[in-house]
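Trainee: Have a peek at structure15.tsv (TSV, C-alpha atoms).
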chain	number	residue	atom	x	y	z
A	1	MET	CA	87.84	89.45	93.32
A	2	ASN	CA	87.22	90.37	96.97
A	3	LYS	CA	86.37	88.03	99.83
A	4	TYR	CA	82.61	88.64	99.62
A	5	ARG	CA	82.35	87.86	95.92
A	6	LEU	CA	84.38	84.69	96.48
A	7	LEU	CA	82.06	83.64	99.30
A	8	LEU	CA	79.00	84.30	97.12
A	9	LEU	CA	80.42	82.19	94.29
A	10	LEU	CA	81.32	79.40	96.70
A	11	PHE	CA	77.85	79.52	98.28
A	12	THR	CA	76.24	79.20	94.84
A	13	ILE	CA	78.36	76.16	94.03
A	14	LEU	CA	77.55	74.46	97.32
A	15	LEU	CA	73.85	75.13	96.78
A	16	GLN	CA	74.08	73.26	93.49
A	17	VAL	CA	75.53	70.24	95.26
A	18	THR	CA	72.85	70.46	97.98
A	19	PHE	CA	70.05	70.52	95.43
A	20	ALA	CA	71.66	67.60	93.63
A	21	GLN	CA	71.56	65.54	96.81
A	22	LYS	CA	67.86	66.29	97.32
A	23	LYS	CA	67.10	65.30	93.76
A	24	ILE	CA	69.00	62.03	94.14
A	25	ASN	CA	66.64	61.08	96.94
A	26	LYS	CA	63.60	61.54	94.67
A	27	ASN	CA	64.90	60.18	91.38
A	28	SER	CA	67.11	57.34	90.30
A	29	GLU	CA	69.42	59.59	88.28
A	30	PRO	CA	71.76	62.11	89.98
A	31	ALA	CA	71.59	65.76	88.99
A	32	VAL	CA	75.34	66.20	89.38
A	33	THR	CA	77.94	63.54	88.62
A	34	LEU	CA	81.13	64.14	90.56
A	35	GLY	CA	83.14	61.41	88.88
A	36	GLU	CA	84.26	57.85	89.35
A	37	LYS	CA	86.48	55.89	91.71
A	38	PHE	CA	89.43	53.89	90.45
A	39	SER	CA	92.03	51.73	92.21
A	40	PHE	CA	95.56	52.31	90.91
A	41	GLN	CA	98.19	49.67	91.62
A	42	SER	CA	101.45	51.50	92.24
A	43	LYS	CA	104.72	49.63	91.94
A	44	VAL	CA	106.66	52.64	93.18
A	45	LEU	CA	104.63	52.90	96.40
A	46	ASP	CA	103.99	49.16	96.56
A	47	LYS	CA	100.30	49.61	97.33
A	48	ILE	CA	96.93	50.40	95.81
A	49	ILE	CA	96.10	54.10	95.59
A	50	PRO	CA	92.39	54.96	95.28
A	51	LEU	CA	91.75	57.72	92.73
A	52	SER	CA	88.74	59.99	92.30
A	53	ILE	CA	88.37	61.20	88.69
A	54	HIS	CA	86.15	64.04	87.46
A	55	LEU	CA	85.93	64.85	83.75
A	56	PRO	CA	84.44	67.97	82.08
A	57	THR	CA	80.73	67.72	81.35
A	58	ASN	CA	81.15	67.53	77.58
A	59	TYR	CA	84.31	65.42	77.60
A	60	ASP	CA	82.78	62.51	75.64
A	61	SER	CA	81.36	64.71	72.88
A	62	SER	CA	84.46	66.87	72.54
A	63	GLN	CA	87.81	66.36	70.87
A	64	LYS	CA	89.56	68.99	72.96
A	65	THR	CA	92.47	68.41	75.30
A	66	TYR	CA	92.15	69.56	78.90
A	67	PRO	CA	94.57	70.78	81.56
A	68	VAL	CA	94.78	68.47	84.57
A	69	ILE	CA	94.62	69.28	88.28
A	70	TYR	CA	96.00	66.67	90.68
A	71	MET	CA	94.41	66.98	94.10
A	72	LEU	CA	96.11	65.41	97.10
A	73	GLY	CA	93.83	63.92	99.75
A	74	SER	CA	90.63	63.39	97.76
A	75	ASP	CA	89.49	60.88	100.37
A	76	TYR	CA	88.22	64.06	102.02
A	77	LYS	CA	85.12	63.70	99.85
A	78	ALA	CA	83.50	67.04	100.63
A	79	ARG	CA	86.63	68.82	99.46
A	80	PHE	CA	86.81	66.80	96.24
A	81	ALA	CA	83.10	67.49	95.59
A	82	MET	CA	83.68	71.21	96.07
A	83	LEU	CA	86.61	71.25	93.64
A	84	ALA	CA	84.71	69.22	91.03
A	85	SER	CA	81.63	71.46	91.28
A	86	THR	CA	83.78	74.58	91.11
A	87	LEU	CA	85.42	73.40	87.88
A	88	ASP	CA	82.00	72.65	86.35
A	89	TYR	CA	80.59	76.01	87.44
A	90	MET	CA	83.52	78.14	86.26
A	91	GLY	CA	84.57	76.08	83.25
A	92	GLU	CA	84.45	77.91	79.91
A	93	SER	CA	83.10	81.09	81.52
A	94	GLN	CA	86.01	82.10	83.79
A	95	ILE	CA	88.58	79.33	83.25
A	96	PRO	CA	89.21	76.54	80.75
A	97	GLU	CA	87.47	73.24	81.44
A	98	MET	CA	89.76	70.85	83.33
A	99	ILE	CA	90.24	67.25	84.37
A	100	LEU	CA	90.42	66.67	88.12
A	101	ILE	CA	92.42	63.70	89.45
A	102	GLY	CA	91.99	63.13	93.18
A	103	ILE	CA	94.69	61.12	94.93
A	104	ASP	CA	93.34	59.46	98.07
A	105	LEU	CA	95.66	59.20	101.06
A	106	PRO	CA	94.18	56.40	103.19
A	107	GLU	CA	96.90	56.77	105.86
A	108	GLY	CA	96.17	60.50	106.11
A	109	ASN	CA	98.14	63.38	104.59
A	110	ARG	CA	100.63	63.23	107.48
A	111	ILE	CA	102.38	60.56	105.42
A	112	LEU	CA	103.59	63.28	103.01
A	113	LEU	CA	105.59	65.04	105.76
A	114	PRO	CA	109.15	64.33	106.87
A	115	THR	CA	109.34	61.80	109.70
A	116	ARG	CA	109.13	63.25	113.20
A	117	GLU	CA	112.20	61.39	114.43
A	118	ASN	CA	114.91	62.43	111.99
A	119	ARG	CA	113.12	64.62	109.40
A	120	ASP	CA	113.58	61.93	106.75
A	121	THR	CA	111.89	62.88	103.45
A	122	SER	CA	112.27	59.55	101.65
A	123	ILE	CA	108.49	58.93	101.62
A	124	SER	CA	107.87	62.40	100.16
A	125	ASP	CA	110.48	61.69	97.49
A	126	THR	CA	108.83	58.37	96.68
A	127	TYR	CA	105.46	60.07	96.18
A	128	ILE	CA	107.06	62.53	93.75
A	129	ASN	CA	108.47	59.55	91.87
A	130	PHE	CA	105.02	57.94	91.87
A	131	LEU	CA	103.48	61.07	90.36
A	132	GLU	CA	106.14	61.48	87.70
A	133	THR	CA	106.73	57.91	86.55
A	134	GLU	CA	103.35	56.26	87.12
A	135	LEU	CA	100.28	58.37	87.71
A	136	MET	CA	100.89	61.20	85.25
A	137	THR	CA	101.88	58.71	82.56
A	138	TYR	CA	98.67	56.77	83.18
A	139	VAL	CA	96.51	59.92	83.00
A	140	ASN	CA	98.23	61.16	79.83
A	141	ASN	CA	97.66	57.82	78.12
A	142	LYS	CA	94.05	57.34	79.22
A	143	TYR	CA	92.65	60.87	78.89
A	144	ARG	CA	92.97	63.77	76.46
A	145	ALA	CA	95.28	65.66	78.77
A	146	ALA	CA	96.78	68.96	77.66
A	147	PRO	CA	100.46	69.61	78.45
A	148	PHE	CA	99.49	71.85	81.37
A	149	THR	CA	99.21	70.38	84.86
A	150	MET	CA	98.63	71.70	88.38
A	151	LEU	CA	99.18	70.22	91.84
A	152	TYR	CA	96.82	71.18	94.67
A	153	GLY	CA	97.25	70.43	98.37
A	154	GLY	CA	96.14	71.82	101.72
A	155	SER	CA	97.83	71.73	105.13
A	156	ASN	CA	100.25	68.75	105.16
A	157	SER	CA	99.45	68.14	101.48
A	158	GLY	CA	100.26	71.81	100.95
A	159	PHE	CA	103.72	71.14	102.39
A	160	PHE	CA	104.15	68.33	99.85
A	161	CYS	CA	103.04	70.66	97.06
A	162	ILE	CA	105.82	73.14	97.99
A	163	TYR	CA	108.31	70.32	98.53
A	164	THR	CA	107.55	68.97	95.03
A	165	LEU	CA	108.03	72.43	93.52
A	166	LEU	CA	111.44	72.85	95.17
A	167	ASN	CA	112.65	69.37	94.21
A	168	ASN	CA	111.12	68.92	90.76
A	169	PRO	CA	109.82	72.34	89.64
A	170	GLU	CA	109.16	71.37	86.03
A	171	LEU	CA	106.93	68.41	86.93
A	172	PHE	CA	103.85	70.68	87.13
A	173	ASN	CA	103.08	74.04	85.55
A	174	GLY	CA	101.24	75.36	88.59
A	175	TYR	CA	101.40	74.65	92.31
A	176	PHE	CA	98.47	75.54	94.61
A	177	ALA	CA	99.21	75.30	98.35
A	178	SER	CA	96.52	76.13	100.91
A	179	SER	CA	97.73	76.75	104.48
A	180	PRO	CA	100.87	74.68	103.81
A	181	SER	CA	102.61	73.25	106.88
A	182	LEU	CA	105.97	74.84	106.14
A	183	SER	CA	107.12	74.73	109.77
A	184	HIS	CA	108.49	71.27	108.97
A	185	ILE	CA	112.14	71.44	107.82
A	186	PRO	CA	111.89	75.22	107.15
A	187	LYS	CA	115.66	75.70	106.84
A	188	ILE	CA	115.93	72.91	104.28
A	189	LEU	CA	113.09	74.42	102.24
A	190	GLN	CA	114.70	77.84	102.33
A	191	GLN	CA	118.04	76.42	101.24
A	192	LYS	CA	116.34	74.68	98.31
A	193	ILE	CA	114.95	78.07	97.23
A	194	LYS	CA	118.47	79.52	97.25
A	195	SER	CA	120.37	76.72	95.56
A	196	GLY	CA	117.98	73.93	94.53
A	197	PRO	CA	116.52	72.95	91.12
A	198	LEU	CA	114.12	75.91	91.18
A	199	LYS	CA	117.06	78.25	90.52
A	200	ASN	CA	117.59	76.63	87.12
A	201	VAL	CA	113.97	76.35	85.97
A	202	THR	CA	113.74	77.15	82.26
A	203	LYS	CA	109.96	77.19	81.81
A	204	THR	CA	107.43	79.50	83.41
A	205	ARG	CA	106.08	78.03	86.64
A	206	PHE	CA	103.36	79.34	88.96
A	207	LEU	CA	103.04	79.10	92.74
A	208	HIS	CA	100.09	80.37	94.72
A	209	ILE	CA	99.92	80.11	98.51
A	210	ILE	CA	96.75	81.03	100.38
A	211	TYR	CA	96.37	81.09	104.15
A	212	SER	CA	94.47	83.05	106.79
A	213	ASP	CA	95.47	85.47	109.52
A	214	ASP	CA	93.82	83.19	112.11
A	215	ASP	CA	95.79	80.12	111.01
A	216	SER	CA	98.17	78.61	113.58
A	217	ASN	CA	101.17	80.71	114.61
A	218	GLU	CA	103.51	78.06	113.21
A	219	THR	CA	101.78	78.21	109.83
A	220	THR	CA	101.65	81.99	109.52
A	221	LYS	CA	105.24	82.52	110.69
A	222	SER	CA	106.70	79.82	108.44
A	223	ILE	CA	104.84	81.12	105.36
A	224	THR	CA	105.99	84.68	106.08
A	225	GLU	CA	109.62	83.58	106.32
A	226	PHE	CA	109.30	81.36	103.24
A	227	SER	CA	107.86	84.32	101.32
A	228	ARG	CA	110.72	86.57	102.41
A	229	VAL	CA	113.37	84.15	101.16
A	230	LEU	CA	111.46	83.47	97.94
A	231	LYS	CA	111.21	87.17	97.18
A	232	TYR	CA	114.99	87.61	97.05
A	233	HIS	CA	115.98	84.33	95.41
A	234	LYS	CA	113.26	83.46	92.89
A	235	PRO	CA	114.35	82.80	89.28
A	236	GLU	CA	113.15	84.96	86.39
A	237	ASN	CA	110.73	82.38	84.97
A	238	PHE	CA	109.00	81.82	88.29
A	239	LYS	CA	105.78	83.65	89.17
A	240	TYR	CA	104.24	83.47	92.62
A	241	THR	CA	101.38	84.93	94.64
A	242	ILE	CA	100.92	84.72	98.40
A	243	ASP	CA	97.54	85.79	99.77
A	244	LYS	CA	96.72	86.16	103.45
A	245	LEU	CA	92.96	86.16	103.97
A	246	VAL	CA	91.10	87.50	107.00
A	247	ASN	CA	89.27	85.23	109.43
A	248	GLN	CA	89.06	82.28	107.00
A	249	GLY	CA	90.62	79.55	109.16
A	250	HIS	CA	92.96	76.70	108.24
A	251	VAL	CA	92.76	75.74	104.54
A	252	PRO	CA	90.24	78.49	103.61
A	253	ALA	CA	87.10	77.31	101.84
A	254	VAL	CA	87.45	79.98	99.15
A	255	ASP	CA	91.03	79.06	98.25
A	256	PHE	CA	90.38	77.04	95.10
A	257	ILE	CA	88.29	79.73	93.42
A	258	GLN	CA	90.96	82.31	94.09
A	259	PHE	CA	93.70	80.00	92.83
A	260	LEU	CA	91.89	79.58	89.50
A	261	LEU	CA	90.98	83.23	89.01
A	262	THR	CA	94.56	84.30	89.71
A	263	LEU	CA	95.96	81.77	87.25
A	264	TYR	CA	93.46	82.83	84.53
A	265	PRO	CA	92.82	86.53	85.27
A	266	ASP	CA	91.67	87.48	81.76
A	267	PHE	CA	90.25	84.25	80.36
A	268	ASN	CA	87.00	85.71	79.13
A	269	PRO	CA	86.73	89.53	78.93
A	270	TYR	CA	83.27	89.52	77.31
A	271	LYS	CA	82.89	93.24	76.65
A	272	SER	CA	86.06	93.59	74.58
A	273	LEU	CA	85.46	90.54	72.36
A	274	ASP	CA	82.99	92.10	69.94
A	275	THR	CA	84.27	90.61	66.66
A	276	LEU	CA	85.28	87.11	65.60
A	277	ASP	CA	88.82	88.28	64.86
A	278	LYS	CA	89.16	89.65	68.39
A	279	VAL	CA	87.81	86.42	69.87
A	280	THR	CA	90.20	84.16	67.96
A	281	LEU	CA	93.18	86.47	68.57
A	282	HIS	CA	92.48	86.61	72.31
A	283	PHE	CA	92.37	82.83	72.71
A	284	ASP	CA	95.42	82.41	70.47
A	285	VAL	CA	97.31	84.67	72.88
A	286	LEU	CA	96.11	82.60	75.84
A	287	SER	CA	97.14	79.40	74.07
A	288	LYS	CA	100.68	80.69	73.60
A	289	ARG	CA	100.85	81.91	77.21
A	290	TYR	CA	99.82	78.59	78.75
A	291	GLY	CA	101.33	76.25	76.18
A	292	PHE	CA	98.23	74.38	75.03
A	293	GLN	CA	95.36	75.13	72.68
A	294	ILE	CA	92.55	77.07	74.35
A	295	LEU	CA	89.57	77.31	72.03
A	296	PRO	CA	87.02	80.12	72.33
A	297	PRO	CA	84.11	78.80	74.45
A	298	ILE	CA	80.96	77.98	72.53
A	299	SER	CA	79.07	80.44	74.73
A	300	VAL	CA	81.28	83.31	73.54
A	301	ILE	CA	80.89	82.35	69.87
A	302	PHE	CA	77.13	81.86	70.19
A	303	GLU	CA	76.60	85.20	71.94
A	304	LEU	CA	78.67	86.98	69.29
A	305	GLY	CA	76.66	85.35	66.50
A	306	ALA	CA	73.35	86.10	68.23
A	307	ASP	CA	74.30	89.78	68.54
A	308	SER	CA	75.03	89.90	64.80
A	309	ILE	CA	71.63	88.34	64.04
A	310	ILE	CA	69.90	90.91	66.24
A	311	ASP	CA	71.80	93.65	64.39
A	312	LYS	CA	70.59	92.06	61.10
A	313	ASN	CA	74.16	91.56	59.96
A	314	LEU	CA	73.60	88.09	58.54
A	315	VAL	CA	76.84	88.00	56.53
A	316	VAL	CA	78.87	88.37	59.72
A	317	ALA	CA	76.56	86.03	61.65
A	318	GLU	CA	76.94	83.30	59.03
A	319	LYS	CA	80.72	83.61	59.15
A	320	ILE	CA	80.63	83.30	62.95
A	321	PHE	CA	78.48	80.16	62.93
A	322	GLN	CA	80.53	78.61	60.12
A	323	TYR	CA	83.50	79.01	62.43
A	324	SER	CA	81.45	77.55	65.28
A	325	LEU	CA	80.57	74.47	63.22
A	326	GLN	CA	84.22	74.04	62.33
A	327	VAL	CA	85.46	74.28	65.91
A	328	TYR	CA	82.46	72.63	67.64
A	329	PRO	CA	80.94	70.17	65.15
A	330	GLN	CA	79.17	68.32	67.99
A	331	SER	CA	77.63	71.42	69.56
A	332	LYS	CA	73.88	71.87	69.34
A	333	GLU	CA	74.37	75.64	69.64
A	334	SER	CA	76.46	75.69	66.45
A	335	TYR	CA	73.63	74.15	64.41
A	336	LEU	CA	70.93	76.21	66.09
A	337	GLY	CA	72.75	79.46	65.35
A	338	MET	CA	73.33	78.54	61.72
A	339	GLY	CA	69.70	77.48	61.45
A	340	VAL	CA	68.52	80.91	62.60
A	341	VAL	CA	70.86	82.60	60.11
A	342	LEU	CA	69.51	80.48	57.24
A	343	ARG	CA	65.92	81.02	58.34
A	344	ASN	CA	66.41	84.79	58.35
A	345	LYS	CA	67.96	84.55	54.87
A	346	GLY	CA	64.80	82.82	53.64
A	347	GLN	CA	66.41	79.37	53.27
A	348	SER	CA	63.75	77.46	55.21
A	349	GLU	CA	64.68	73.92	54.15
A	350	ASN	CA	68.32	74.42	54.98
A	351	ALA	CA	67.31	75.97	58.30
A	352	LYS	CA	65.12	72.93	59.10
A	353	ALA	CA	68.11	70.66	58.43
A	354	MET	CA	70.21	72.63	60.91
A	355	PHE	CA	67.53	72.48	63.63
A	356	LYS	CA	67.17	68.73	63.06
A	357	LYS	CA	70.92	68.29	63.49
A	358	ALA	CA	70.76	70.23	66.76
A	359	LEU	CA	67.98	67.88	67.92
A	360	GLY	CA	70.03	64.90	66.80
A	361	ILE	CA	72.63	65.96	69.36
A	362	ASP	CA	70.07	66.82	72.07
A	363	PRO	CA	66.53	65.52	71.41
A	364	ASP	CA	65.24	67.62	74.34
A	365	TYR	CA	66.64	70.91	73.03
A	366	SER	CA	63.46	72.96	73.49
A	367	LEU	CA	64.56	76.04	71.53
A	368	ALA	CA	65.39	73.94	68.46
A	369	LYS	CA	62.04	72.18	68.79
A	370	ARG	CA	60.12	75.46	68.85
A	371	LEU	CA	62.00	76.97	65.89
A	372	LEU	CA	61.57	73.80	63.83
A	373	LYS	CA	57.85	73.63	64.65
A	374	LYS	CA	57.32	77.24	63.54
A	375	LEU	CA	59.07	76.59	60.24
A	376	LYS	CA	56.95	73.49	59.58
A	377	GLN	CA	53.76	75.48	60.20
A	378	LYS	CA	54.57	77.97	57.45
Go ahead and render the structure in this file as structure tokens.

Mentor:
Amino acid sequence: MNKYRLLLLLFTILLQVTFAQKKINKNSEPAVTLGEKFSFQSKVLDKIIPLSIHLPTNYDSSQKTYPVIYMLGSDYKARFAMLASTLDYMGESQIPEMILIGIDLPEGNRILLPTRENRDTSISDTYINFLETELMTYVNNKYRAAPFTMLYGGSNSGFFCIYTLLNNPELFNGYFASSPSLSHIPKILQQKIKSGPLKNVTKTRFLHIIYSDDDSNETTKSITEFSRVLKYHKPENFKYTIDKLVNQGHVPAVDFIQFLLTLYPDFNPYKSLDTLDKVTLHFDVLSKRYGFQILPPISVIFELGADSIIDKNLVVAEKIFQYSLQVYPQSKESYLGMGVVLRNKGQSENAKAMFKKALGIDPDYSLAKRLLKKLKQK
């Protein structure tokens, strides 16, 4: 995806948030819910850490597990809002739906850097311990978290993201660093690449660094040198991408979209998934690649079933919607699709029952209302 397509996608997402704000002013109910705030008492850090938590739209009605992204510095609310809206916009169409956990840094993200005086990294090490022994355990116990996690940070938080990778590479599956401040302790970081825990990583891990050509000289030079060392010393199970954008500034606004599309480059190739067997096989392959179950999105199943109905292949369509009901028993689309199949087979009463079940899930489902009304008029 080129820069202009990324900017267009980002602009669309931000427009959604803008419209939501306007609607909030007119109505009592928000159009977009970004999540909830939670205060986490950390014994490791010996302080309260504010968290910002965003769940997938259909989390409560689903039984699925979801990968988790941990964002450093979510007290930067505009950034957290952009990440949350991006996940909602892209979820199930270009990437799996995900849980977003924002970690506020009230003292500022400078706290994640080595000390200026003697380059002491004890605070950084303590934050890694906090993530591993407290926060991730809490999230895994409270939410339906899949065994696939990512750490995201920008600027000083981006340094911490890289530092975590080099010290505890198996803690997260993916590491996203935007304009990381790698000019701090560069020699130590490079030595960790050559002889640190990353050399012995046994599971596939992903690193993606994004920065811009007009970033600070310190940032661009340190990333270039880091990349050079990484190229010659990376282990076999380690995959990395380093993208230098043009005229995008420090911590580019389009970074998160590009991170996600690079991690899931072939999540949903619509045109090639023209049979149910191809759909299930494709998402089985993805599940094995990423290490957690990735179900075919309801939109893919519904479109496939609708195409079969249009082609008057009701045997195939019924099989598709039976699968849909099995995988998504709380989806209104599953019942609607099966209702149309049964209606076209002349089973009006059974079709009515399906439309009523769809309306039981969403009483305002206009398409189900219209189809049920037409059947009652016959």

Trainee: Distance atom CA of A:His250-atom CA of A:Asp215, one decimal place?

Mentor: 5.2 Å

Trainee: Show which residues sit within 10 Å of A:Ser195, as a ChimeraX atom specification. Count all atoms listed in the file, and ignore same-chain residues fewer than 4 positions away.

Mentor: /A:166,190-191,199-200,233

Trainee: Can you tell me, as number ranges by chain, what residues are no more than 7 Å from stretch 366-376 of chain A when counting all atoms listed in the file, ignoring any on the same chain fewer than 4 positions away?

Mentor: A: 336, 348, 352, 355, 358-359

Trainee: Using Å and a single decimal, report how far atom CA of A:Leu83 sits from atom CA of A:Gln248.

Mentor: 17.5 Å

Trainee: Would you kindly return, as a PyMOL selection string, each protein, DNA or RNA residue with an atom no farther than 10 Å from any atom of A:Met136, considering all atoms listed in the file and excluding same-chain residues fewer than 3 positions away?

Mentor: chain A and resi 68+70+101+130-133+139-142+145+149+171

Trainee: Would you mind listing what lies within 10 Å of A:Thr65 as a ChimeraX atom specification, with all atoms listed in the file counted and same-chain residues fewer than 6 positions away left out?

Mentor: /A:59,97-99,143-148,292-295

Trainee: Kindly give the distance, in Å, that separates atom CA of A:Tyr240 and atom CA of A:His184, rounded to a single decimal.

Mentor: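 Between atom CA of A:Tyr240 and atom CA of A:His184 the gap works out to 20.8 Å.
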
Trainee: Counting all atoms listed in the file, note down every residue that has an atom within 8 Å of the point (102.6, 79.2, 88.9) (file coordinates), as a JSON list (two decimals) with C-alpha atoms, keeping the file's coordinate frame.

Mentor:
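That gives us out-v8.json:
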[["chain", "number", "residue", "atom", "x", "y", "z"],
["A", 173, "ASN", "CA", 103.08, 74.04, 85.55],
["A", 174, "GLY", "CA", 101.24, 75.36, 88.59],
["A", 175, "TYR", "CA", 101.40, 74.65, 92.31],
["A", 176, "PHE", "CA", 98.47, 75.54, 94.61],
["A", 204, "THR", "CA", 107.43, 79.50, 83.41],
["A", 205, "ARG", "CA", 106.08, 78.03, 86.64],
["A", 206, "PHE", "CA", 103.36, 79.34, 88.96],
["A", 207, "LEU", "CA", 103.04, 79.10, 92.74],
["A", 208, "HIS", "CA", 100.09, 80.37, 94.72],
["A", 238, "PHE", "CA", 109.00, 81.82, 88.29],
["A", 239, "LYS", "CA", 105.78, 83.65, 89.17],
["A", 240, "TYR", "CA", 104.24, 83.47, 92.62],
["A", 263, "LEU", "CA", 95.96, 81.77, 87.25]]

Trainee: Excluding stretch 226-231 of chain A and any residue of its chain fewer than 6 positions from it, enumerate the residues within 10 Å of it, using only C-alpha atoms, and give them as a VMD selection string.

Mentor: chain A and resid 182 to 183 186 to 187 189 to 191 193 to 194 209 220 240 to 242

Trainee: Nearest residue to A:Thr126 out of A:Met82, A:Val246, A:Ala177, A:Leu45, using only C-alpha atoms?

Mentor: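 Smallest separation from A:Thr126 among the options: A:Leu45.
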
Trainee: Let me make sure I understand: among A:Leu55, A:Gly305, A:Ile95, A:Lys203, which one has the smallest atom-to-atom distance to A:Asp266 if we use all atoms listed in the file?

Mentor: A:Ile95
